[in-house]
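K.L.:
The structure file upload-v6.tsv (TSV, C-alpha atoms and all ligand atoms) is provided below.
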chain	number	residue	atom	x	y	z
Y	394	MET	CA	0.00	0.00	0.00
Y	395	LEU	CA	1.38	3.42	-0.95
Y	396	TYR	CA	0.00	6.65	0.52
Y	397	LEU	CA	0.51	9.77	-1.56
Y	398	ASN	CA	-0.07	13.47	-1.22
Y	399	VAL	CA	0.04	14.60	-4.83
Y	400	LEU	CA	0.22	18.37	-4.29
Y	401	PRO	CA	3.53	19.72	-5.63
Y	402	GLU	CA	4.44	22.12	-2.79
Y	403	THR	CA	4.11	19.62	0.03
Y	404	THR	CA	7.08	18.03	1.69
Y	405	ASN	CA	5.89	14.44	1.52
Y	406	VAL	CA	5.29	14.38	-2.24
Y	407	VAL	CA	6.89	11.35	-3.86
Y	408	VAL	CA	8.81	12.27	-7.01
Y	409	GLY	CA	10.44	9.83	-9.42
Y	410	TYR	CA	9.23	6.82	-7.47
Y	411	ASP	CA	8.60	3.60	-9.39
Y	412	ILE	CA	5.27	2.20	-8.28
Y	413	PRO	CA	5.38	-1.60	-8.48
Y	414	LYS	CA	2.69	-3.28	-10.53
Y	415	LYS	CA	-0.59	-3.95	-8.63
Y	416	THR	CA	0.29	-1.58	-5.80
Y	417	LYS	CA	-2.79	-0.10	-4.15
Y	418	VAL	CA	-2.25	3.67	-4.19
Y	419	MET	CA	-4.20	5.73	-1.66
Y	420	ILE	CA	-4.34	9.48	-2.36
Y	421	ASN	CA	-4.48	11.29	0.96
Y	422	VAL	CA	-7.17	13.84	0.08
Y	423	TRP	CA	-7.78	14.53	3.80
Y	424	ALA	CA	-4.22	15.82	4.21
Y	425	MET	CA	-4.37	17.71	0.90
Y	426	ALA	CA	-7.53	19.54	1.99
Y	427	ARG	CA	-5.74	20.62	5.20
Y	428	ASP	CA	-2.39	21.53	3.67
Y	429	PRO	CA	-1.31	24.94	5.05
Y	430	ASN	CA	0.62	25.54	1.80
Y	431	TYR	CA	-2.76	25.84	0.12
Y	432	TRP	CA	-5.20	26.83	2.85
Y	433	THR	CA	-5.29	29.70	5.34
Y	434	ASP	CA	-6.22	28.42	8.83
Y	435	ALA	CA	-6.41	24.97	7.25
Y	436	GLU	CA	-7.92	23.30	10.32
Y	437	MET	CA	-10.72	25.86	10.68
Y	438	PHE	CA	-14.25	25.37	9.37
Y	439	ILE	CA	-14.61	28.51	7.23
Y	440	PRO	CA	-17.13	27.89	4.44
Y	441	GLU	CA	-16.78	31.55	3.44
Y	442	ARG	CA	-13.29	30.73	2.16
Y	443	PHE	CA	-14.95	29.52	-1.05
Y	444	GLU	CA	-16.80	32.80	-1.69
Y	445	GLY	CA	-15.37	34.34	-4.85
Y	446	SER	CA	-12.85	31.47	-5.07
Y	447	SER	CA	-12.18	29.62	-8.31
Y	448	ILE	CA	-11.63	26.38	-6.37
Y	449	ASP	CA	-14.47	23.93	-6.92
Y	450	TYR	CA	-15.31	20.42	-5.73
Y	451	LYS	CA	-15.63	18.87	-9.19
Y	452	GLY	CA	-12.20	17.34	-9.48
Y	453	ASN	CA	-10.46	20.27	-11.16
Y	454	ASN	CA	-8.49	21.44	-8.11
Y	455	PHE	CA	-6.30	18.79	-6.49
Y	456	GLU	CA	-6.17	20.58	-3.13
Y	457	TYR	CA	-9.89	19.87	-2.68
Y	458	LEU	CA	-11.21	16.51	-3.89
Y	459	PRO	CA	-14.29	15.53	-1.87
Y	460	PHE	CA	-15.60	13.54	-4.85
Y	461	GLY	CA	-12.27	12.38	-6.23
Y	462	ALA	CA	-11.10	13.27	-9.73
Y	463	GLY	CA	-10.50	11.89	-13.19
Y	464	ARG	CA	-12.01	8.76	-14.68
Y	465	ARG	CA	-13.12	7.33	-11.33
Y	466	ILE	CA	-14.63	10.57	-9.97
Y	467	CYS	CA	-17.83	10.01	-8.02
Y	468	PRO	CA	-20.67	9.50	-10.54
Y	469	GLY	CA	-23.15	10.51	-7.81
Y	470	LEU	CA	-21.64	14.00	-7.46
Y	471	ALA	CA	-24.73	15.92	-8.60
Y	472	PHE	CA	-27.01	13.59	-6.62
Y	473	GLY	CA	-24.82	14.01	-3.52
Y	474	ILE	CA	-24.75	17.82	-3.78
Y	475	ALA	CA	-28.54	17.99	-4.25
Y	476	GLY	CA	-29.03	15.59	-1.33
Y	477	ILE	CA	-27.07	17.91	0.95
Y	478	MET	CA	-27.95	21.36	-0.37
Y	479	LEU	CA	-31.73	20.92	-0.42
Y	480	PRO	CA	-32.13	19.61	3.17
Y	481	VAL	CA	-29.66	22.19	4.54
Y	482	ALA	CA	-31.38	25.01	2.64
Y	483	LEU	CA	-34.78	23.90	3.96
Y	484	LEU	CA	-33.52	23.65	7.55
Y	485	ILE	CA	-31.98	27.13	7.39
Y	486	TYR	CA	-35.01	28.61	5.63
Y	487	HIS	CA	-37.62	27.27	8.05
Y	488	PHE	CA	-35.86	27.47	11.43
Y	489	ASN	CA	-33.72	29.74	13.57
Y	490	TRP	CA	-30.90	27.77	15.21
Y	491	GLU	CA	-29.33	28.40	18.61
Y	492	LEU	CA	-26.75	26.67	20.74
Y	493	PRO	CA	-27.95	25.52	24.20
Y	494	ASN	CA	-26.83	27.04	27.53
Y	495	GLN	CA	-25.49	30.31	26.07
Y	496	MET	CA	-22.77	28.38	24.28
Y	497	LYS	CA	-20.83	30.28	21.65
Y	498	PRO	CA	-19.81	28.73	18.29
Y	499	LYS	CA	-16.17	28.87	19.42
Y	500	ASP	CA	-17.07	26.53	22.33
Y	501	LEU	CA	-18.13	23.74	19.96
Y	502	ASP	CA	-16.08	20.56	20.07
Y	503	MET	CA	-15.11	20.08	16.44
Y	504	THR	CA	-13.13	16.88	17.05
Y	505	GLU	CA	-13.58	14.50	14.14
Y	506	HIS	CA	-14.46	10.83	14.20
Y	507	TYR	CA	-12.49	8.89	11.61
Y	508	GLY	CA	-14.00	6.18	9.50
Y	509	LEU	CA	-14.97	5.59	5.90
Y	510	ALA	CA	-16.31	9.15	6.01
Y	511	ILE	CA	-15.45	11.84	8.57
Y	512	GLY	CA	-18.09	12.92	11.04
Y	513	ARG	CA	-18.30	14.69	14.37
Y	514	LYS	CA	-16.96	12.82	17.39
Y	515	SER	CA	-19.55	14.41	19.67
Y	516	ASP	CA	-23.15	15.11	18.73
Y	517	LEU	CA	-24.11	18.60	17.60
Y	518	CYS	CA	-26.93	19.81	19.89
Y	519	LEU	CA	-28.92	22.74	18.53
Y	520	ILE	CA	-32.26	24.33	19.44
Y	521	PRO	CA	-34.48	25.02	16.43
Y	522	THR	CA	-37.35	27.48	16.55
Y	523	VAL	CA	-39.75	27.75	13.66
Y	524	TYR	CA	-39.02	30.83	11.54
Y	525	ALA	CA	-42.40	32.59	11.24
W	601	LIG	C1	-21.85	14.01	-0.67
W	601	LIG	C2	-21.96	12.78	-1.15
W	601	LIG	C3	-20.86	11.99	-1.78
W	601	LIG	C4	-19.51	12.09	-1.65
W	601	LIG	C5	-18.70	13.09	-0.80
W	601	LIG	C6	-18.92	11.06	-2.50
W	601	LIG	C7	-17.55	10.86	-2.64
W	601	LIG	C8	-17.00	9.86	-3.45
W	601	LIG	C9	-15.59	9.66	-3.60
W	601	LIG	C10	-14.47	10.44	-2.93
W	601	LIG	C11	-15.44	8.62	-4.46
W	601	LIG	C12	-14.10	8.02	-4.96
W	601	LIG	C13	-13.67	8.76	-6.23
W	601	LIG	C14	-12.29	8.37	-6.68
W	601	LIG	O1	-11.93	7.19	-6.58
W	601	LIG	O2	-11.54	9.25	-7.16
W	601	LIG	C15	-16.76	8.17	-4.85
W	601	LIG	C16	-17.01	7.13	-5.72
W	601	LIG	C17	-18.26	6.69	-6.05
W	601	LIG	N1	-19.46	7.23	-5.69
W	601	LIG	FE1	-19.70	8.84	-4.46
W	601	LIG	N2	-19.92	10.37	-3.12
W	601	LIG	C18	-21.12	10.90	-2.71
W	601	LIG	C19	-22.37	10.51	-3.13
W	601	LIG	C20	-22.64	9.48	-4.00
W	601	LIG	C21	-23.97	9.10	-4.44
W	601	LIG	C22	-25.26	9.82	-4.00
W	601	LIG	C23	-23.81	8.03	-5.27
W	601	LIG	C24	-24.83	7.22	-6.02
W	601	LIG	C25	-26.10	7.55	-6.11
W	601	LIG	C26	-22.39	7.75	-5.36
W	601	LIG	C27	-21.83	6.75	-6.10
W	601	LIG	C28	-20.49	6.51	-6.23
W	601	LIG	C29	-19.91	5.42	-7.00
W	601	LIG	C30	-20.68	4.34	-7.79
W	601	LIG	C31	-18.52	5.54	-6.90
W	601	LIG	C32	-17.45	4.63	-7.54
W	601	LIG	C33	-17.02	5.24	-8.86
W	601	LIG	C34	-15.89	4.45	-9.49
W	601	LIG	O3	-15.11	3.82	-8.77
W	601	LIG	O4	-15.76	4.46	-10.73
W	601	LIG	N3	-21.71	8.65	-4.59
W	601	LIG	N4	-17.69	8.95	-4.23
Could I get this file's structure written as structure tokens?
Ligand code: HEM
P.N.:
Amino acid sequence: MLYLNVLPETTNVVVGYDIPKKTKVMINVWAMARDPNYWTDAEMFIPERFEGSSIDYKGNNFEYLPFGAGRRICPGLAFGIAGIMLPVALLIYHFNWELPNQMKPKDLDMTEHYGLAIGRKSDLCLIPTVYA
């Protein structure tokens, strides 16, 4: 098994390496999406960083490959985006959201749980009120 970070400016990029036949190559997209050479405050959740940015999620920018890239890119990309955007848009449109016990967003535990996909380690508790 060979683990690669394919971004050119990173220190662990493998150059001129002969990959033996039948080697399973794992591209470390998690590390690439948190590479400080490419991202400001790489560990921070800042969705606004994509506002006015030319970086997209469709496999054109190697520093951000949530759906992979190339011939084996996720064929469910459009389905996946719709399946996230629509529910999130509806939840934001119909409810106001607050944290319990006067918590501030900075108090949230953003520790990740590792698995096939990354999720929150601790549950996100929010109080919705219907937006009238
Ligand atoms: C937000 C949701 C989703 C994410 C983040 C996601 C992500 C991915 C990633 C990273 C890959 C591997 C691409 C690669 O090897 O370069 C993949 C492959 C694949 N995805 Fe998705 N996916 C999502 C939703 C879906 C949905 C909704 C479907 C089907 C309805 C789907 C079907 C597939 C299939 C069949 C492959 C294998 C493609 C191949 O190996 O040729 N995915 N996906």
K.L.:
Given a cut-off of 6 Å, what residues near ligand LIG 601 (chain W) show up using only C-alpha atoms and all ligand atoms, put as a VMD selection string?
P.N.:
chain Y and resid 459 to 462 465 to 470 472 to 474
K.L.:
For CA of Arg513 (chain Y) and CA of Leu501 (chain Y), determine how far apart the two atoms are, in Å to one decimal place.
P.N.:
10.6 Å
K.L.:
I'd like to know which of Y:Leu517, Y:Tyr524, Y:Asn453, Y:Thr416 is closest to Met496 (chain Y), using only C-alpha atoms.
P.N.:
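Going through Y:Leu517, Y:Tyr524, Y:Asn453, Y:Thr416 one by one, the smallest distance to Met496 (chain Y) is for Y:Leu517.
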K.L.:
Using all atoms listed in the file, which of the listed residues (Y:Leu458, Y:Asp411, Y:Ser515, Y:Met503) sits closest to Met437 (chain Y)?
P.N.:
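Residue with the minimum atom-to-atom distance to Met437 (chain Y): Y:Met503.
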K.L.:
Could you check which of Y:Tyr457, Y:Asp516, Y:Lys497, Y:Leu509 is closest to Ala426 (chain Y), using only C-alpha atoms?
P.N.:
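Closest to Ala426 (chain Y) of all the choices is Y:Tyr457.
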K.L.:
Compare Y:Ala475, Y:Ile420, Y:Val481, Y:Ala525 by their minimum atom-to-atom distance to Phe455 (chain Y), counting all atoms listed in the file, and give me the closest one.
P.N.:
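Answer, going by the shortest atom-to-atom distance: Y:Ile420.
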K.L.:
Kindly give the distance, in Å, that separates CA of Arg464 (chain Y) and CA of Lys451 (chain Y), rounded to a single decimal.
P.N.:
12.1 Å
K.L.:
Take CA of Glu456 (chain Y) and CA of Tyr431 (chain Y) and report the distance between them in Å, one decimal.
P.N.:
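So the answer is 7.1 Å.
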K.L.:
Anything within 10 Å of (-36.6, 25.3, 20.9): list those residues as a PyMOL selection string, counting only C-alpha atoms and sticking to the file's coordinates.
P.N.:
chain Y and resi 488-493+519-523
